[in-house]
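Enquirer: I have a structure here, written as structure tokens, and I will follow up with some questions on it.
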Amino acid sequence: MISLIMKLAGCILIIAGSSGLGVWMAQWYNKRLETLEYLRQMIILLKGQILYANAPLEEAFDTIGKRTEGVLAELFIKISERIRTQDGESFNSLWKEEVGLLAQEAPLSKKDRQVLSGLGEHLGFLDRDMQERNLLLYLEQLDIDIGKLREQKQERGRLYISLGVMGGLFLSILLC
Amino acid sequence: MRVHAPLLMICNNREYYITPSGQLSRQVEEAYLISRQELKETMEHMSNYSLYAFEEEMKQGFITIQGGHRIGIAGKTIIDEHGIRTMKFISFINVRLSHQVKGCASAIMPFLYKKGDILHTLIISPPRCGKTTLLRDVIRQISNGTKNEPGLTVGVIDERSEIGACYQGIPQNELGIRTDILDCCPKARGMMMMIRTMSPRVIAVDEIGSREDLEAIEYVINCGCKLIATVHGSSIDDIRQKPVLRKLVQEKRFERYLILNNKVRIGNVSQIYDSRGNQLYPNGESYD
């Protein structure tokens, strides 16, 4: 009898655990979509600062960082501080370093981080046309990613939760 | 700074080489040689990785950075149908450190007033003789007022950010308590804007000379404001040779001409003339 109760409790815990994992993954997916949408807004603001206010990168990152919030705002403020202190590095290397240090809890995939890291390669280089093209290229990439995420939002959410529950059930059956 | 050439510094009119350890030397063998990569990185750092923000200035061959320091550049110019588009392969950089010398205009201030009113003044000086430094102190003293004269509102059109050295709109140099600054604004348009918006008694501009400037100067003079301006040259005759400014000299628009040189020291006022060419400065050099 006790062994049956133990098994039952174990199964419930496994199902609850794997279902929780499924829910967490679905939430992470939604948060990633929200973060990319927010990043898109920040890049549009950056474009405005560069093209219309003719602000240097230090001022542009600082202004946007202070007007926004979250880990990406912190990243922008850090970049601005690094430019101000100037320790002899190129912009590309300090940008890559700071994007690499971006908090792990930021809901961004490895690919998102790689694309964001690549943005620094041509930023600040040459004239304003070049800045505009570079930012538009990145925005285009973001739009594609956001479009895909939005398209698959419902089914992915359901998939993660169902997989979690079903996976838990399967594991419970297998172990029993 | 020149590519593959020694790093040079000029201080108090003397030239020094800079050694790899950062010391000053008079021996060319000890000088540090500059590489192309170092020059490129210098440009990136001076522009805070934002060369695009200096696009318009680069077309004129210089950028002005935080602190009002002017960085002259030379390299290969890229031309399009509108003129110089930009510059690439920048291989020569000339860094001019801006500084303020408070009180450097004290000796000449009494000559710029007549019966308590400021006079239209043109400061004539060859490059590197301290005309911007003198103009800065003249502005400060007019704005704050002197022992005998009350302070006046001054509008400064600082096209190259050299006079006020504004950083994010705030002047880094002291220009007086009654001074308003239009930073990075073309002189001609700036003079009109300033008069319409800030009601200054005195307008101050650096390095006049274009045809648009002439129209704006006439507007300033005709609307009752006083003008303090600088121009490149070494005598009134030089100014008479300039196609645009000739008219103003002939019409005796300027009531004072200050001639600068660097014979004794930088910023030395060699003579002051009135509109008829009479010498007024007893401490100055005599020209006949």
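Labels for the structure tokens follow display order: chains A, B, ..., residues from 1 in each chain, ligands from 1.
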Show which residues sit within 12 Å of B:Val249, as a short mmCIF file (atom, residue, chain, number, x, y, z; two decimals) with N, CA and C atoms, in the first residue's frame. Count only C-alpha atoms, and ignore same-chain residues fewer than 2 positions away.
Expert:
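Written out: part.cif:
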data_model
loop_
_atom_site.label_atom_id
_atom_site.label_comp_id
_atom_site.auth_asym_id
_atom_site.auth_seq_id
_atom_site.Cartn_x
_atom_site.Cartn_y
_atom_site.Cartn_z
N HIS B 120 31.17 98.47 -33.49
CA HIS B 120 31.35 97.35 -34.42
C HIS B 120 32.84 97.09 -34.57
N THR B 121 33.26 95.87 -34.27
CA THR B 121 34.70 95.59 -34.22
C THR B 121 35.06 94.38 -35.07
N LEU B 122 36.17 94.49 -35.79
CA LEU B 122 36.68 93.36 -36.58
C LEU B 122 38.09 93.03 -36.08
N LEU B 214 28.03 88.20 -45.36
CA LEU B 214 27.93 89.64 -45.65
C LEU B 214 26.48 90.13 -45.49
N SER B 235 46.33 92.66 -42.08
CA SER B 235 46.19 94.11 -42.08
C SER B 235 44.83 94.48 -42.67
N ILE B 236 44.48 95.77 -42.56
CA ILE B 236 43.21 96.21 -43.16
C ILE B 236 43.29 96.06 -44.69
N ASP B 237 44.50 96.28 -45.22
CA ASP B 237 44.67 96.13 -46.68
C ASP B 237 44.32 94.72 -47.14
N ASP B 238 44.69 93.73 -46.33
CA ASP B 238 44.33 92.34 -46.65
C ASP B 238 42.82 92.20 -46.77
N ILE B 239 42.11 92.86 -45.87
CA ILE B 239 40.65 92.75 -45.85
C ILE B 239 40.07 93.45 -47.08
N ARG B 240 40.72 94.55 -47.47
CA ARG B 240 40.25 95.27 -48.67
C ARG B 240 40.38 94.40 -49.92
N GLN B 241 41.31 93.44 -49.89
CA GLN B 241 41.50 92.57 -51.04
C GLN B 241 40.42 91.48 -51.12
N LYS B 242 39.75 91.24 -49.98
CA LYS B 242 38.76 90.15 -49.97
C LYS B 242 37.48 90.63 -50.64
N PRO B 243 37.01 89.91 -51.65
CA PRO B 243 35.87 90.39 -52.43
C PRO B 243 34.62 90.67 -51.60
N VAL B 244 34.39 89.87 -50.57
CA VAL B 244 33.16 90.02 -49.80
C VAL B 244 33.27 91.14 -48.76
N LEU B 245 34.39 91.15 -48.04
CA LEU B 245 34.51 92.10 -46.93
C LEU B 245 34.91 93.51 -47.37
N ARG B 246 35.44 93.61 -48.59
CA ARG B 246 35.88 94.91 -49.11
C ARG B 246 34.79 95.98 -48.95
N LYS B 247 33.57 95.57 -49.30
CA LYS B 247 32.44 96.50 -49.26
C LYS B 247 32.25 97.09 -47.86
N GLU B 251 32.63 101.01 -46.86
CA GLU B 251 31.48 101.75 -46.30
C GLU B 251 31.69 102.14 -44.84
N LYS B 252 32.88 101.85 -44.34
CA LYS B 252 33.26 102.19 -42.94
C LYS B 252 32.26 101.63 -41.93
N ARG B 253 31.84 100.41 -42.19
CA ARG B 253 30.87 99.76 -41.30
C ARG B 253 31.51 99.40 -39.96
N PHE B 254 32.76 98.95 -40.02
CA PHE B 254 33.44 98.61 -38.77
C PHE B 254 34.07 99.86 -38.18
N GLU B 255 33.86 100.02 -36.85
CA GLU B 255 34.38 101.23 -36.20
C GLU B 255 35.73 100.99 -35.53
N ARG B 256 36.06 99.72 -35.34
CA ARG B 256 37.36 99.37 -34.77
C ARG B 256 37.92 98.16 -35.50
N TYR B 257 39.22 98.22 -35.78
CA TYR B 257 39.93 97.07 -36.35
C TYR B 257 41.06 96.72 -35.38
N TYR B 273 42.76 100.28 -35.04
CA TYR B 273 42.42 101.39 -35.95
C TYR B 273 40.95 101.74 -35.79
N ASP B 274 40.63 103.00 -36.12
CA ASP B 274 39.22 103.35 -36.21
C ASP B 274 38.76 103.18 -37.66
N SER B 275 37.54 103.56 -37.95
CA SER B 275 37.00 103.30 -39.29
C SER B 275 37.74 104.07 -40.39
N ARG B 276 38.42 105.17 -40.01
CA ARG B 276 39.15 105.95 -41.01
C ARG B 276 40.61 105.53 -41.13
N GLY B 277 41.00 104.54 -40.34
CA GLY B 277 42.37 104.04 -40.41
C GLY B 277 43.33 104.77 -39.48
#
Enquirer: Please provide as a ChimeraX atom specification all residues within 12 Å of B:Gln23, with the sequence filter that same-chain residues fewer than 5 positions apart are discarded (counting only C-alpha atoms).
Expert: /B:7-9,16-18,30-32
Enquirer: Show me a table, sorted first by chain and then by increasing residue number, of the residues of chain A having an atom at most 8 Å from chain B, each with its shortest atom pair and the distance in Å to one decimal, counting only C-alpha atoms and written as JSON lines.
Expert:
{"residue": "A:Ile50", "atom": "CA", "partner": "B:Ala53", "partner_atom": "CA", "distance": 7.6}
{"residue": "A:Asn54", "atom": "CA", "partner": "B:Ala53", "partner_atom": "CA", "distance": 5.5}
{"residue": "A:Ala55", "atom": "CA", "partner": "B:Ala53", "partner_atom": "CA", "distance": 6.3}
{"residue": "A:Pro56", "atom": "CA", "partner": "B:Ser50", "partner_atom": "CA", "distance": 5.2}
{"residue": "A:Leu57", "atom": "CA", "partner": "B:Ser50", "partner_atom": "CA", "distance": 5.9}
{"residue": "A:Glu58", "atom": "CA", "partner": "B:Asn48", "partner_atom": "CA", "distance": 7.1}
{"residue": "A:Ile83", "atom": "CA", "partner": "B:Asn48", "partner_atom": "CA", "distance": 6.5}
{"residue": "A:Arg84", "atom": "CA", "partner": "B:Asn48", "partner_atom": "CA", "distance": 7.5}
{"residue": "A:Gln86", "atom": "CA", "partner": "B:His45", "partner_atom": "CA", "distance": 7.4}
{"residue": "A:Gly88", "atom": "CA", "partner": "B:His45", "partner_atom": "CA", "distance": 7.8}
{"residue": "A:Ser90", "atom": "CA", "partner": "B:Glu41", "partner_atom": "CA", "distance": 7.7}
{"residue": "A:Phe91", "atom": "CA", "partner": "B:Tyr49", "partner_atom": "CA", "distance": 6.4}
{"residue": "A:Gly124", "atom": "CA", "partner": "B:Ser50", "partner_atom": "CA", "distance": 4.6}
{"residue": "A:Phe125", "atom": "CA", "partner": "B:Leu51", "partner_atom": "CA", "distance": 6.7}
{"residue": "A:Leu126", "atom": "CA", "partner": "B:Tyr52", "partner_atom": "CA", "distance": 5.8}
{"residue": "A:Asp127", "atom": "CA", "partner": "B:Tyr52", "partner_atom": "CA", "distance": 4.3}
{"residue": "A:Arg128", "atom": "CA", "partner": "B:Tyr52", "partner_atom": "CA", "distance": 5.2}
{"residue": "A:Gln131", "atom": "CA", "partner": "B:Tyr52", "partner_atom": "CA", "distance": 7.8}
Enquirer: Tell me, as a list in words, which residues lie within 7 Å of stretch 154-162 of chain B, counting only C-alpha atoms; anything in the same chain fewer than 6 positions away does not count.
Expert: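 Neighbouring residues, sequence-local ones excluded: Thr64, Gly68, His69, Ser143, Arg178, Thr179, Asp180, Ile181, Leu182, Asp183, Cys184, Cys185, Pro186, Lys187, Gly190, Met191, Met194, Pro200, Arg201, Val202, Ile203, Ala204 and Val205 of chain B.
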Enquirer: Determine which residues of stretch 214-252 of chain B receive a DSSP assignment of alpha helix (DSSP H), computed from the backbone, and state them as a list of chain:residue names.
Expert: B:Leu214, B:Glu215, B:Ala216, B:Ile217, B:Glu218, B:Tyr219, B:Val220, B:Ile221, B:Asn222, B:Ile236, B:Asp237, B:Asp238, B:Ile239, B:Arg240, B:Gln241, B:Arg246, B:Lys247, B:Leu248, B:Val249, B:Gln250
Enquirer: Let me make sure I understand: among B:Ile142, B:Val101, B:Met1, B:Met193, which one has the smallest atom-to-atom distance to B:Leu119 if we use only C-alpha atoms?
Expert: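 Checking each of B:Ile142, B:Val101, B:Met1, B:Met193 against B:Leu119, counting only C-alpha atoms, the winner is B:Ile142.
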Enquirer: May I ask which of the residues A:Glu69, A:Glu121, A:Asp112, A:Glu81 is the closest one to A:Trp95, counting only C-alpha atoms?
Expert: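 Among A:Glu69, A:Glu121, A:Asp112, A:Glu81, it is A:Glu121 that comes nearest to A:Trp95.
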Enquirer: Find, counting only C-alpha atoms, the residue in A:Ala106, A:Leu13, A:Leu45, A:Leu169 that gets nearest to A:Glu74.
Expert: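 For A:Glu74, the nearest of the given residues is A:Ala106.
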Enquirer: Could you pull the residues within 12 Å of A:Leu136, counting only C-alpha atoms, minus those fewer than 2 positions along the same chain, as a PyMOL selection string?
Expert: chain A and resi 40+43-44+46-48+51+119+123+129-134+138-143
Enquirer: Hey, what's within 12 Å of A:Cys11 if we count only C-alpha atoms and toss same-chain stuff fewer than 5 positions away? As a PyMOL selection string, please?
Expert: chain A and resi 4-6+16-19+165+167-176
Enquirer: Take the residues from that selection and put them in a file with C-alpha atoms, as an mmCIF file, in the first residue's frame.
Expert:
data_model
loop_
_atom_site.group_PDB
_atom_site.id
_atom_site.type_symbol
_atom_site.label_atom_id
_atom_site.label_comp_id
_atom_site.auth_asym_id
_atom_site.auth_seq_id
_atom_site.Cartn_x
_atom_site.Cartn_y
_atom_site.Cartn_z
ATOM 1 C CA LEU A 4 1.632 2.330 -4.218
ATOM 2 C CA ILE A 5 1.194 5.691 -2.502
ATOM 3 C CA MET A 6 4.895 6.420 -3.021
ATOM 4 C CA ALA A 16 3.944 18.390 -12.209
ATOM 5 C CA GLY A 17 7.674 18.946 -12.792
ATOM 6 C CA SER A 18 7.612 18.285 -16.524
ATOM 7 C CA SER A 19 4.381 20.284 -16.936
ATOM 8 C CA VAL A 165 2.400 17.075 -19.547
ATOM 9 C CA GLY A 167 6.395 13.778 -21.285
ATOM 10 C CA GLY A 168 5.633 13.599 -17.572
ATOM 11 C CA LEU A 169 2.912 10.994 -18.161
ATOM 12 C CA PHE A 170 5.188 8.957 -20.398
ATOM 13 C CA LEU A 171 8.008 9.031 -17.879
ATOM 14 C CA SER A 172 5.630 8.072 -15.077
ATOM 15 C CA ILE A 173 4.302 5.093 -17.038
ATOM 16 C CA LEU A 174 7.811 4.073 -17.952
ATOM 17 C CA LEU A 175 9.021 4.219 -14.357
ATOM 18 C CA CYS A 176 5.964 2.477 -12.915
#
